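What follows is the content of query04.txt, which has compact mmCIF, C-alpha atoms:
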```
# COMPACT_ATOMS: atom_id res chain seq x y z
CA MET W 743 152.74 104.55 60.47
CA THR W 744 153.02 107.69 58.32
CA VAL W 745 151.65 109.79 61.13
CA LEU W 746 154.15 108.26 63.54
CA VAL W 747 157.12 109.02 61.28
CA ILE W 748 156.02 112.63 60.74
CA ALA W 749 155.43 113.04 64.46
CA PHE W 750 158.95 111.73 65.13
CA PHE W 751 160.52 114.34 62.86
CA LEU W 752 158.37 117.12 64.33
CA LEU W 753 159.54 116.22 67.81
CA LEU W 754 163.13 116.85 66.70
CA LEU W 755 162.23 120.44 65.92
CA VAL W 756 160.88 121.29 69.40
CA PRO W 757 163.47 123.62 71.03
CA ARG W 758 164.30 122.57 74.53
CA ALA W 759 165.27 125.03 77.31
CA VAL W 760 168.32 123.44 78.84
CA PRO W 761 169.60 124.96 82.06
CA ALA W 762 172.95 126.65 81.48
CA GLY W 763 174.42 124.91 84.47
CA ASP W 764 173.61 122.86 87.47
CA PRO W 765 172.01 125.27 89.97
CA GLY W 766 173.53 123.25 92.81
CA THR W 767 172.85 124.58 96.33
CA ALA W 768 170.49 127.51 96.62
CA GLU W 769 172.52 130.74 96.51
CA THR W 770 170.84 133.97 97.51
CA PRO W 771 171.55 137.67 96.87
CA GLY W 772 172.00 137.95 100.66
CA GLN W 773 174.87 135.48 100.50
CA LYS W 774 176.46 137.51 97.74
CA LYS W 775 176.36 140.62 99.91
CA MET W 776 177.85 138.64 102.84
CA LEU W 777 180.68 137.38 100.65
CA GLN W 778 181.39 140.85 99.28
CA THR W 779 181.58 142.25 102.81
CA GLU W 780 183.84 139.42 103.92
CA LEU W 781 186.12 140.09 100.94
CA GLU W 782 186.44 143.74 102.02
CA LEU W 783 187.23 142.68 105.61
CA ALA W 784 189.69 140.03 104.48
CA LYS W 785 191.61 142.57 102.38
CA LYS W 786 192.27 144.72 105.47
CA GLY W 787 194.62 142.21 107.12
CA SER W 788 193.10 142.48 110.59
CA VAL W 789 191.25 139.82 112.55
CA TYR W 790 187.48 139.76 111.97
CA THR W 791 184.71 137.52 113.25
CA LEU W 792 182.12 135.67 111.23
CA LEU W 793 179.07 134.91 113.39
CA ASP W 794 176.94 132.27 111.71
CA LEU W 795 173.70 132.04 113.67
CA SER W 796 172.21 129.32 111.48
CA SER W 797 175.04 126.83 112.00
CA GLN W 798 175.72 128.18 115.52
CA GLN W 799 179.36 128.93 114.97
CA ALA W 800 181.63 131.88 115.47
CA MET W 801 184.86 131.99 113.48
CA LEU W 802 187.85 134.23 113.95
CA LYS W 803 189.38 134.88 110.56
CA ILE W 804 192.09 136.88 108.89
CA LYS W 805 192.67 137.11 105.15
CA GLY W 806 190.02 134.43 104.76
CA VAL W 807 192.01 132.01 106.94
CA VAL W 808 190.08 130.50 109.86
CA LEU W 809 192.12 131.07 113.04
CA LYS W 810 189.69 129.67 115.58
CA GLN W 811 186.15 128.32 115.73
CA PHE W 812 183.73 128.61 118.62
CA HIS W 813 180.68 126.44 119.00
CA LEU W 814 177.57 128.32 120.11
CA ARG W 815 175.47 126.13 122.37
CA ASP W 816 172.41 128.33 122.03
CA VAL W 817 171.43 131.38 120.01
CA SER W 818 168.57 133.83 120.55
CA ALA W 819 168.18 136.83 118.33
CA LYS W 820 165.86 139.75 117.75
CA ASN W 821 165.80 141.91 114.62
CA GLU W 822 168.92 140.15 113.41
CA LYS W 823 167.74 140.10 109.78
CA THR W 824 168.66 143.79 109.54
CA LEU W 825 172.28 142.86 110.25
CA SER W 826 172.83 140.56 107.28
CA GLY W 827 175.62 141.50 104.89
CA SER W 828 177.08 144.38 106.89
CA ALA W 829 180.17 144.50 109.07
CA HIS W 830 179.67 145.81 112.61
CA ARG W 831 182.47 147.42 114.56
CA LEU W 832 182.89 146.41 118.19
CA ILE W 833 182.93 149.56 120.30
CA LYS W 834 182.98 148.22 123.83
CA LYS W 835 183.23 145.05 125.83
CA TYR W 836 181.49 145.11 129.19
CA PRO W 837 182.74 144.45 131.80
CA ALA W 838 186.14 145.73 130.80
CA PRO W 839 188.97 143.18 130.89
CA PRO W 840 190.99 143.17 134.09
CA THR W 841 194.25 145.08 134.18
CA ILE W 842 197.22 144.64 136.46
CA GLN W 843 199.59 147.43 137.31
CA LYS W 844 203.13 146.16 137.82
CA GLU W 845 204.68 147.04 141.14
CA ILE W 846 208.19 148.35 140.99
CA PRO W 847 210.55 147.09 143.72
CA PRO W 848 212.44 149.70 145.71
CA SER W 849 215.63 150.78 143.96
CA ASP W 850 218.80 149.29 145.34
CA THR W 851 222.33 150.60 144.65
CA ALA W 852 223.79 147.09 145.02
CA LYS W 853 223.45 144.95 141.92
CA LYS W 854 220.99 142.20 142.62
CA GLU W 855 222.23 138.68 141.86
CA ILE W 856 219.10 136.69 141.27
CA SER W 857 219.09 133.53 139.23
CA PRO W 858 216.38 133.76 136.57
CA LEU W 859 215.50 130.17 137.31
CA LEU W 860 214.54 131.13 140.83
CA ALA W 861 212.62 134.27 139.89
CA SER W 862 209.45 134.88 141.85
CA GLU W 863 206.12 134.01 140.30
CA PRO W 864 205.18 136.68 137.77
CA VAL W 865 201.83 138.41 137.72
CA PHE W 866 199.91 138.36 134.48
CA VAL W 867 196.48 138.52 132.91
CA SER W 868 195.36 135.27 131.32
CA VAL W 869 192.27 134.02 129.54
CA GLY W 870 191.15 132.47 132.82
CA ASP W 871 190.74 135.98 134.23
CA MET W 872 188.29 136.96 131.51
CA PRO W 873 184.56 137.14 132.26
CA ALA W 874 182.32 134.39 130.93
CA ARG W 875 179.20 136.60 131.06
CA TYR W 876 179.43 139.91 129.22
CA GLN W 877 177.96 142.28 126.67
CA LEU W 878 179.46 143.43 123.41
CA TYR W 879 178.33 146.81 122.09
CA PHE W 880 178.61 147.58 118.40
CA GLU W 881 178.17 150.58 116.17
CA GLY W 882 174.60 150.96 115.02
CA GLY W 883 173.10 149.81 118.29
CA LEU W 884 173.71 146.07 118.02
CA THR W 885 174.26 144.33 121.34
CA ILE W 886 175.49 140.79 121.77
CA SER W 887 175.14 139.20 125.19
CA VAL W 888 177.23 136.17 126.00
CA ILE W 889 176.45 133.81 128.83
CA PRO W 890 178.09 130.56 129.88
CA ALA W 891 176.11 127.44 129.06
CA LEU W 892 174.69 125.41 131.89
CA GLU W 893 177.26 122.66 132.15
CA GLU W 894 176.74 119.27 133.62
CA CYS W 895 178.29 119.21 137.04
CA ALA W 896 179.15 116.45 139.41
CA CYS W 897 177.10 118.08 142.12
CA GLY W 898 174.00 117.35 144.14
CA GLU W 899 170.42 117.79 142.99
CA ILE W 900 169.96 120.95 145.07
CA GLU W 901 172.96 122.63 143.46
CA LYS W 902 171.80 121.55 140.01
CA GLY W 903 168.40 123.06 140.75
CA VAL W 904 169.95 126.32 141.94
CA ARG W 905 172.07 126.53 138.77
CA LEU W 906 169.02 125.88 136.61
CA ILE W 907 167.02 128.57 138.40
CA LYS W 908 169.91 131.04 137.95
CA GLU W 909 170.10 130.27 134.26
CA ARG W 910 166.37 130.67 133.75
CA ALA W 911 166.37 133.91 135.74
CA SER W 912 169.20 135.21 133.57
CA THR W 913 167.17 134.42 130.44
CA LEU W 914 164.07 136.14 131.81
CA PHE W 915 166.13 139.17 132.81
CA TRP W 916 167.56 139.39 129.30
CA GLU W 917 164.10 139.16 127.76
CA ALA W 918 162.82 141.87 130.10
CA GLU W 919 165.83 144.07 129.41
CA ARG W 920 165.29 143.79 125.67
CA TRP W 921 161.59 144.55 126.12
CA VAL W 922 162.40 147.75 127.99
CA ALA W 923 165.10 148.78 125.54
CA ASP W 924 164.38 149.92 122.02
CA GLY W 925 162.68 146.94 120.44
CA ARG W 926 163.82 147.97 116.97
CA LEU W 927 167.49 147.50 117.72
CA PRO W 928 169.03 144.15 116.91
CA ASP W 929 169.97 142.02 119.88
CA ILE W 930 171.67 138.66 120.01
CA ARG W 931 172.23 136.34 122.90
CA LEU W 932 174.81 133.60 122.69
CA SER W 933 175.51 130.73 125.01
CA LEU W 934 178.93 129.04 124.98
CA SER W 935 180.85 126.82 127.34
CA GLU W 936 182.53 128.84 130.06
CA GLU W 937 185.98 128.16 128.61
CA GLU W 938 184.94 129.23 125.11
CA ALA W 939 183.05 132.28 126.40
CA LYS W 940 186.24 133.47 128.10
CA ALA W 941 188.36 132.69 125.05
CA LEU W 942 185.93 134.61 122.82
CA PHE W 943 186.09 137.63 125.14
CA TRP W 944 189.89 137.45 125.04
CA SER W 945 190.00 137.12 121.26
CA LEU W 946 187.62 139.96 120.37
CA SER W 947 189.40 143.31 120.23
CA GLU W 948 187.56 146.60 120.50
CA GLY W 949 187.59 148.14 117.06
CA SER W 950 187.43 144.78 115.28
CA SER W 951 184.60 143.89 112.92
CA VAL W 952 181.94 141.21 113.15
CA LEU W 953 179.98 139.90 110.18
CA ILE W 954 176.68 138.26 111.06
CA GLU W 955 174.89 135.62 109.05
CA PRO W 956 171.37 135.44 110.47
CA THR W 957 169.17 132.39 110.67
CA PRO W 958 167.38 131.62 107.39
CA SER W 959 163.96 133.24 106.91
CA GLN W 960 161.10 131.05 108.10
CA MET V 1181 166.62 93.06 60.03
CA PHE V 1182 167.47 92.40 56.31
CA ASN V 1183 164.39 90.14 55.99
CA LEU V 1184 162.24 92.90 57.51
CA ILE V 1185 163.46 95.35 54.85
CA ARG V 1186 162.95 92.78 52.08
CA SER V 1187 159.36 92.11 53.31
CA PHE V 1188 158.32 95.71 52.51
CA PRO V 1189 156.59 95.94 49.11
CA TYR V 1190 158.04 98.37 46.52
CA ASN V 1191 155.07 100.74 46.72
CA ARG V 1192 155.38 100.98 50.45
CA TRP V 1193 159.07 101.86 50.07
CA LYS V 1194 158.21 104.62 47.67
CA SER V 1195 155.80 106.14 50.22
CA GLY V 1196 158.33 105.49 53.04
CA TRP V 1197 161.10 107.37 51.20
CA GLY V 1198 158.69 110.17 50.58
CA ILE V 1199 157.89 110.44 54.25
CA PHE V 1200 161.59 110.35 55.07
CA LEU V 1201 162.29 113.16 52.64
CA ILE V 1202 159.41 115.20 54.03
CA GLY V 1203 160.87 114.72 57.53
CA VAL V 1204 164.30 115.87 56.42
CA LEU V 1205 162.77 118.95 54.79
CA LEU V 1206 160.83 119.78 57.94
CA LEU V 1207 163.94 119.38 60.06
CA THR V 1208 165.96 121.60 57.75
CA ALA V 1209 163.24 124.25 57.77
CA GLY V 1210 163.09 124.20 61.55
CA LEU V 1211 166.85 124.59 61.96
CA LEU V 1212 166.86 127.38 59.41
CA PHE V 1213 164.11 129.16 61.30
CA LEU V 1214 166.03 128.91 64.57
CA SER V 1215 169.25 130.19 63.06
CA ILE V 1216 167.44 133.22 61.62
CA LYS V 1217 165.94 133.91 65.02
CA ALA V 1218 169.37 133.58 66.68
CA SER V 1219 171.01 136.03 64.28
CA ALA V 1220 168.34 138.61 65.08
CA SER V 1221 169.02 138.40 68.86
CA PRO V 1222 171.76 140.36 70.68
CA ALA V 1223 173.70 137.17 71.30
CA SER V 1224 174.07 136.57 67.62
CA GLY V 1225 177.61 135.35 67.98
CA LYS V 1226 176.51 132.29 69.94
CA SER V 1227 175.82 128.95 68.52
CA ILE V 1228 172.30 127.77 67.94
CA LEU V 1229 172.60 125.29 70.80
CA SER V 1230 173.65 127.95 73.28
CA ASN V 1231 170.68 130.05 72.29
CA ILE V 1232 168.42 127.11 72.86
CA GLN V 1233 169.89 126.83 76.38
CA LYS V 1234 168.32 129.58 78.48
CA ARG V 1235 170.60 131.04 81.27
CA SER V 1236 168.87 131.26 84.66
CA PRO V 1237 169.44 134.13 87.12
CA LEU V 1238 170.34 131.51 89.71
CA SER V 1239 173.25 130.26 87.64
CA ASP V 1240 174.53 133.85 87.27
CA LEU V 1241 174.35 134.28 91.07
CA ASN V 1242 176.19 131.00 91.56
CA ALA V 1243 178.94 132.15 89.22
CA GLU V 1244 179.29 135.53 90.96
CA ASN V 1245 179.40 133.99 94.44
CA LYS V 1246 181.96 131.47 93.25
CA LYS V 1247 184.09 134.33 91.93
CA ILE V 1248 183.96 136.17 95.26
CA ARG V 1249 184.80 133.00 97.21
CA LYS V 1250 187.81 132.50 94.96
CA ALA V 1251 188.89 136.08 95.55
CA ILE V 1252 188.79 135.47 99.33
CA LEU V 1253 190.70 132.24 98.94
CA ASP V 1254 193.35 133.99 96.84
CA LEU V 1255 194.13 136.28 99.81
CA SER V 1256 195.22 133.35 101.98
CA PRO V 1257 198.96 132.56 102.14
CA LYS V 1258 200.34 130.09 99.63
CA GLY V 1259 203.38 128.82 101.55
CA ILE V 1260 204.15 128.21 105.20
CA TYR V 1261 202.77 130.70 107.71
CA ALA V 1262 202.53 130.97 111.49
CA VAL V 1263 199.44 131.34 113.68
CA VAL V 1264 199.78 132.38 117.33
CA ASP V 1265 196.95 131.95 119.84
CA THR V 1266 197.67 134.30 122.75
CA ALA V 1267 194.86 132.80 124.85
CA LYS V 1268 196.20 129.25 124.71
CA ASN V 1269 199.84 130.30 124.19
CA ARG V 1270 200.30 128.07 121.15
CA LEU V 1271 202.09 128.60 117.87
CA TRP V 1272 201.30 126.62 114.74
CA LEU V 1273 203.20 126.49 111.49
CA LYS V 1274 200.68 125.79 108.76
CA ARG V 1275 200.55 125.25 105.05
CA GLY V 1276 197.00 125.80 103.89
CA GLU V 1277 194.85 123.96 106.40
CA GLU V 1278 197.60 121.49 107.28
CA VAL V 1279 199.42 121.91 110.58
CA VAL V 1280 203.12 121.45 109.93
CA TYR V 1281 204.34 122.08 113.47
CA GLU V 1282 202.90 123.00 116.86
CA ALA V 1283 204.66 124.53 119.82
CA VAL V 1284 203.93 125.89 123.28
CA VAL V 1285 204.91 129.55 123.66
CA SER V 1286 204.62 132.44 126.07
CA THR V 1287 202.98 135.68 124.99
CA GLY V 1288 202.35 139.12 126.53
CA SER V 1289 201.31 139.40 130.17
CA GLY V 1290 198.78 142.19 129.67
CA THR V 1291 200.25 144.08 132.63
CA THR V 1292 200.90 147.83 132.69
CA LEU V 1293 204.04 149.58 133.91
CA THR V 1294 204.17 153.27 134.78
CA ASP V 1295 207.43 155.19 135.12
CA PRO V 1296 207.34 156.53 138.71
CA LYS V 1297 209.48 159.51 137.72
CA ASN V 1298 207.29 160.31 134.73
CA PRO V 1299 203.70 159.08 135.20
CA GLY V 1300 202.84 160.02 131.63
CA ARG V 1301 205.18 157.29 130.44
CA ARG V 1302 203.45 153.93 130.45
CA TRP V 1303 203.96 150.58 128.85
CA ARG V 1304 201.37 147.86 128.32
CA PHE V 1305 202.97 144.48 127.83
CA GLU V 1306 200.77 142.84 125.23
CA THR V 1307 201.57 140.79 122.17
CA PRO V 1308 200.11 142.74 119.23
CA ARG V 1309 197.35 141.12 117.19
CA GLY V 1310 196.75 140.98 113.48
CA GLU V 1311 198.83 140.19 110.43
CA PHE V 1312 202.60 140.52 110.53
CA ARG V 1313 205.50 139.36 108.36
CA VAL V 1314 208.89 137.88 109.17
CA GLN V 1315 211.15 140.90 108.69
CA SER V 1316 214.49 139.41 109.63
CA LYS V 1317 216.01 136.33 111.19
CA ILE V 1318 218.96 136.60 113.57
CA ARG V 1319 221.37 134.02 114.94
CA ASN V 1320 222.78 134.39 118.48
CA PRO V 1321 220.79 137.53 119.24
CA VAL V 1322 221.66 139.86 122.08
CA TRP V 1323 219.12 141.83 124.01
CA ILE V 1324 219.37 145.62 123.93
CA LYS V 1325 217.45 146.38 127.11
CA PRO V 1326 214.88 149.16 126.73
CA ASP V 1327 214.07 151.65 129.49
CA TRP V 1328 211.21 149.60 130.94
CA ALA V 1329 213.57 146.68 131.63
CA PHE V 1330 215.44 148.90 134.12
CA ILE V 1331 212.41 150.73 135.48
CA GLU V 1332 210.51 147.55 136.36
CA GLU V 1333 213.52 146.34 138.35
CA GLY V 1334 213.80 149.62 140.15
CA GLU V 1335 217.15 150.31 138.53
CA MET V 1336 218.58 153.56 137.21
CA LEU V 1337 218.74 154.01 133.48
CA PRO V 1338 222.31 153.40 132.27
CA VAL V 1339 224.30 156.26 130.87
CA ASP V 1340 226.54 154.03 128.77
CA ALA V 1341 224.69 152.30 125.95
CA ARG V 1342 226.94 149.25 126.39
CA ASP V 1343 225.26 148.67 129.75
CA ARG V 1344 222.04 147.90 127.92
CA VAL V 1345 223.50 144.89 126.07
CA GLU V 1346 222.72 141.49 127.56
CA GLY V 1347 223.61 138.29 125.80
CA GLY V 1348 222.51 134.73 126.38
CA VAL V 1349 218.90 135.51 127.36
CA LEU V 1350 217.18 135.33 123.97
CA GLY V 1351 218.27 131.84 122.93
CA ASP V 1352 220.03 130.85 119.70
CA TYR V 1353 217.66 132.57 117.27
CA ALA V 1354 215.35 135.54 116.98
CA ILE V 1355 212.70 136.30 114.37
CA ALA V 1356 211.69 139.94 114.05
CA PHE V 1357 208.10 140.69 112.98
CA GLY V 1358 207.97 144.44 113.38
CA ASN V 1359 207.80 147.31 115.88
CA GLY V 1360 210.49 145.79 118.08
CA TYR V 1361 208.67 142.47 118.61
CA PHE V 1362 210.46 139.15 118.21
CA ILE V 1363 209.96 135.45 118.44
CA HIS V 1364 212.93 134.33 120.52
CA GLY V 1365 214.22 131.83 123.02
CA THR V 1366 214.03 132.03 126.80
CA LEU V 1367 215.67 130.98 130.04
CA TYR V 1368 212.23 130.82 131.68
CA THR V 1369 211.18 127.55 130.08
CA ARG V 1370 209.03 126.61 133.06
CA MET V 1371 206.83 129.60 132.25
CA LEU V 1372 206.07 128.43 128.72
CA GLY V 1373 202.32 128.16 128.17
CA GLN V 1374 201.64 131.24 130.28
CA ASN V 1375 201.18 134.92 129.49
CA VAL V 1376 204.37 136.24 131.05
CA THR V 1377 206.30 138.20 128.44
CA HIS V 1378 206.62 141.88 127.73
CA GLY V 1379 205.03 141.38 124.32
CA CYS V 1380 207.50 139.15 122.51
CA ILE V 1381 206.78 135.50 121.82
CA ARG V 1382 209.05 133.12 123.71
CA MET V 1383 209.75 129.55 122.66
CA ALA V 1384 211.77 126.60 123.84
CA ASP V 1385 215.10 126.17 122.06
CA LYS V 1386 214.10 123.05 120.14
CA ASP V 1387 210.86 124.56 118.85
CA LEU V 1388 212.53 127.86 118.03
CA GLU V 1389 215.08 126.11 115.85
CA VAL V 1390 212.33 124.39 113.85
CA VAL V 1391 210.39 127.63 113.38
CA TYR V 1392 213.55 129.55 112.50
CA LYS V 1393 214.42 127.04 109.78
CA LYS V 1394 210.94 126.53 108.35
CA LEU V 1395 209.52 130.06 108.38
CA PRO V 1396 211.06 132.09 105.55
CA ASN V 1397 211.57 135.84 105.40
CA GLY V 1398 208.34 137.57 104.44
CA ALA V 1399 206.15 134.70 105.69
CA PRO V 1400 202.90 135.82 107.35
CA ILE V 1401 202.44 135.57 111.10
CA TYR V 1402 198.83 135.79 112.27
CA ILE V 1403 198.35 136.60 115.94
CA PHE V 1404 195.03 136.60 117.76
```

Would you write the structure of this file as structure tokens?
Amino acid sequence: MTVLVIAFFLLLLVPRAVPAGDPGTAETPGQKKMLQTELELAKKGSVYTLLDLSSQQAMLKIKGVVLKQFHLRDVSAKNEKTLSGSAHRLIKKYPAPPTIQKEIPPSDTAKKEISPLLASEPVFVSVGDMPARYQLYFEGGLTISVIPALEECACGEIEKGVRLIKERASTLFWEAERWVADGRLPDIRLSLSEEEAKALFWSLSEGSSVLIEPTPSQ
Amino acid sequence: MFNLIRSFPYNRWKSGWGIFLIGVLLLTAGLLFLSIKASASPASGKSILSNIQKRSPLSDLNAENKKIRKAILDLSPKGIYAVVDTAKNRLWLKRGEEVVYEAVVSTGSGTTLTDPKNPGRRWRFETPRGEFRVQSKIRNPVWIKPDWAFIEEGEMLPVDARDRVEGGVLGDYAIAFGNGYFIHGTLYTRMLGQNVTHGCIRMADKDLEVVYKKLPNGAPIYIF
């Protein structure tokens, strides 16, 4: 009994290391660098893109506000870990977006009376005119290839097979191209729906910045 | 409980009190030892309990990341703002994440016009992208036609400035957001939803009235 009482009081004296706070979700120094870079981009007041390879999402943002989200159907990446935490400036989109030169009608001294409601169909460039398969070239040698995802089609088996072969061939060609090119350079391949691929091409401006969050380390 | 206490013999109580006193002394000695140790450490201003709690590097990282996230969040607009999607030709009025109003618009056509008399003079009719602010709001605006408006129609540039003024084509309201670009009304309502303008953002009369009344001067307009 005596021993038990003394033991009880001794236990009160054992200092316990209590965590200062709930650690919560695992934060990493890499995430801190990402957030710091995003803060710098957000301060600029121009549109930037956050490419999250782990959750397969691309987000257009400005001042921290999400303007648009794109769902990436498939992601393949090489040497992408070197990209984490840094902003990459888009230098070139290839192929270049289509341009239309307006034709000027012959000058006429008589004032033309044309009702605006009956005006002829205007010519314009729309998102539908954008390519769905393209490359994006960034400073530092990063290349992002975008291809349209193989969509389900209400077509025959032969056409489905042809589409599948085309898609596989495209993948093999990309792998071969990357093998021939400098293997040290980072390279990312994204697959989106055709509509979203075109919208992404439309939305990305040359000179804008992309921040890439790579897939977690295995 | 009272019977249990009464059942203890007097001698046993004497030894029990002794043990209790010894325990109190040990506890006091231990706390004194810890307070001396705490005063010798750099964080001497902290309480004994906080020195017992050891801070982990992970909790410091959490706190720093939380601070940066808050800094990003603080950059976002606090009141109503507008977002324009030039691909889908949509305008949203938002407050935070909440969509307050949505409208179909027309944005820049992306076409290029070259002055045939001066090939070095070119215009590209695109709606600019990025962050803008409402600079002024105008009722019953009139259009002061720029040179390209005459050139694209094959017309001669007017000598008299009054010949550039055209009323009734911009709707009941106009919202200026910089560099000569406006959100305004249109006679070409059947073209809404398409990229047909010379860079301005066109809206139907009903939608324009709502945006004009809800979007205050200085409000952000984000265009992508």

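Proximity of V:Gln1315, V:Thr1292, V:Ser1286, V:Thr1266 to chain W, computed with all atoms listed in the file, is greatest for V:Thr1292.
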
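Of the residues listed (V:Met1336, V:Ile1331, V:Leu1238, V:Leu1271), V:Ile1331 shows the shortest atom-to-atom separation from Thr1294 of chain V; distances use all atoms listed in the file.
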
Would you kindly return, as a JSON list (two decimals) with C-alpha atoms, keeping the file's coordinate frame, each protein, DNA or RNA residue with an atom no farther than 7 Å from any atom of Leu793 of chain W, considering all atoms listed in the file and excluding same-chain residues fewer than 5 positions away?
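Dumped everything to part.json:
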```json
[["chain", "number", "residue", "atom", "x", "y", "z"],
["W", 799, "GLN", "CA", 179.36, 128.93, 114.97],
["W", 800, "ALA", "CA", 181.63, 131.88, 115.47],
["W", 801, "MET", "CA", 184.86, 131.99, 113.48],
["W", 952, "VAL", "CA", 181.94, 141.21, 113.15],
["W", 953, "LEU", "CA", 179.98, 139.90, 110.18],
["W", 954, "ILE", "CA", 176.68, 138.26, 111.06],
["W", 955, "GLU", "CA", 174.89, 135.62, 109.05]]
```

Using all atoms listed in the file, which residue out of W:Lys774, W:Val789, W:Arg931, W:Pro864 lies closest to Leu946 of chain W?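 Selected residue with least distance to Leu946 of chain W: W:Val789.
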
Report the distance between atom CA of Thr791 of chain W and atom CA of Arg910 of chain W in Å, rounded to one decimal place. 28.3 Å

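If you measure from each of V:Glu1306, V:Asp1343, V:Asp1352, V:Asp1327 to chain W using all atoms listed in the file, the closest one turns out to be V:Glu1306.
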
Tell me the residues of chain V close to chain W, meaning within 7 Å using only C-alpha atoms, as a ChimeraX atom specification. /V:1199,1203,1207,1210,1232-1236,1238-1239,1241-1242,1245,1248-1249,1252-1253,1255-1256,1267,1289-1293,1310-1311,1332-1335,1368,1375-1376,1404

Would you write out those residues with C-alpha atoms, as a compact mmCIF listing (two decimals), keeping the file's coordinate frame?
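Now in selection_34.txt:
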```txt
# COMPACT_ATOMS: atom_id res chain seq x y z
CA ILE V 1199 157.89 110.44 54.25
CA GLY V 1203 160.87 114.72 57.53
CA LEU V 1207 163.94 119.38 60.06
CA GLY V 1210 163.09 124.20 61.55
CA ILE V 1232 168.42 127.11 72.86
CA GLN V 1233 169.89 126.83 76.38
CA LYS V 1234 168.32 129.58 78.48
CA ARG V 1235 170.60 131.04 81.27
CA SER V 1236 168.87 131.26 84.66
CA LEU V 1238 170.34 131.51 89.71
CA SER V 1239 173.25 130.26 87.64
CA LEU V 1241 174.35 134.28 91.07
CA ASN V 1242 176.19 131.00 91.56
CA ASN V 1245 179.40 133.99 94.44
CA ILE V 1248 183.96 136.17 95.26
CA ARG V 1249 184.80 133.00 97.21
CA ILE V 1252 188.79 135.47 99.33
CA LEU V 1253 190.70 132.24 98.94
CA LEU V 1255 194.13 136.28 99.81
CA SER V 1256 195.22 133.35 101.98
CA ALA V 1267 194.86 132.80 124.85
CA SER V 1289 201.31 139.40 130.17
CA GLY V 1290 198.78 142.19 129.67
CA THR V 1291 200.25 144.08 132.63
CA THR V 1292 200.90 147.83 132.69
CA LEU V 1293 204.04 149.58 133.91
CA GLY V 1310 196.75 140.98 113.48
CA GLU V 1311 198.83 140.19 110.43
CA GLU V 1332 210.51 147.55 136.36
CA GLU V 1333 213.52 146.34 138.35
CA GLY V 1334 213.80 149.62 140.15
CA GLU V 1335 217.15 150.31 138.53
CA TYR V 1368 212.23 130.82 131.68
CA ASN V 1375 201.18 134.92 129.49
CA VAL V 1376 204.37 136.24 131.05
CA PHE V 1404 195.03 136.60 117.76
```

How many Å lie between atom CA of Gln798 of chain W and atom CA of Gln811 of chain W, rounded to one decimal? 10.4 Å

Give me, please, the distance in Å between atom CA of Ser826 of chain W and atom CA of Gly772 of chain W, quoted to one decimal. 7.2 Å

Exercise: Leu1273 of chain V partners within 8 Å, all atoms listed in the file, chain neighbours under 3 positions left out, as an MDAnalysis selection string: chainID V and resid 1260:1263 1279:1282 1391 1395

Non-local contacts of segment 818-821 of chain W (7 Å; all atoms listed in the file; under 6 positions in same chain excluded) as a count of residues only: 7

Which residue of V:Thr1366, V:Ser1316, V:Thr1377, V:Asn1359 approaches Pro1396 of chain V most closely, using only C-alpha atoms: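 So, comparing all the options, the nearest one is V:Ser1316.
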
Taking (205.3, 136.4, 106.7) as a centre in this file's frame and 6 Å as the limit, can you find every polymer residue with an atom that close, using all atoms listed in the file, and give them as a PyMOL selection string? chain V and resi 1313-1314+1398-1401
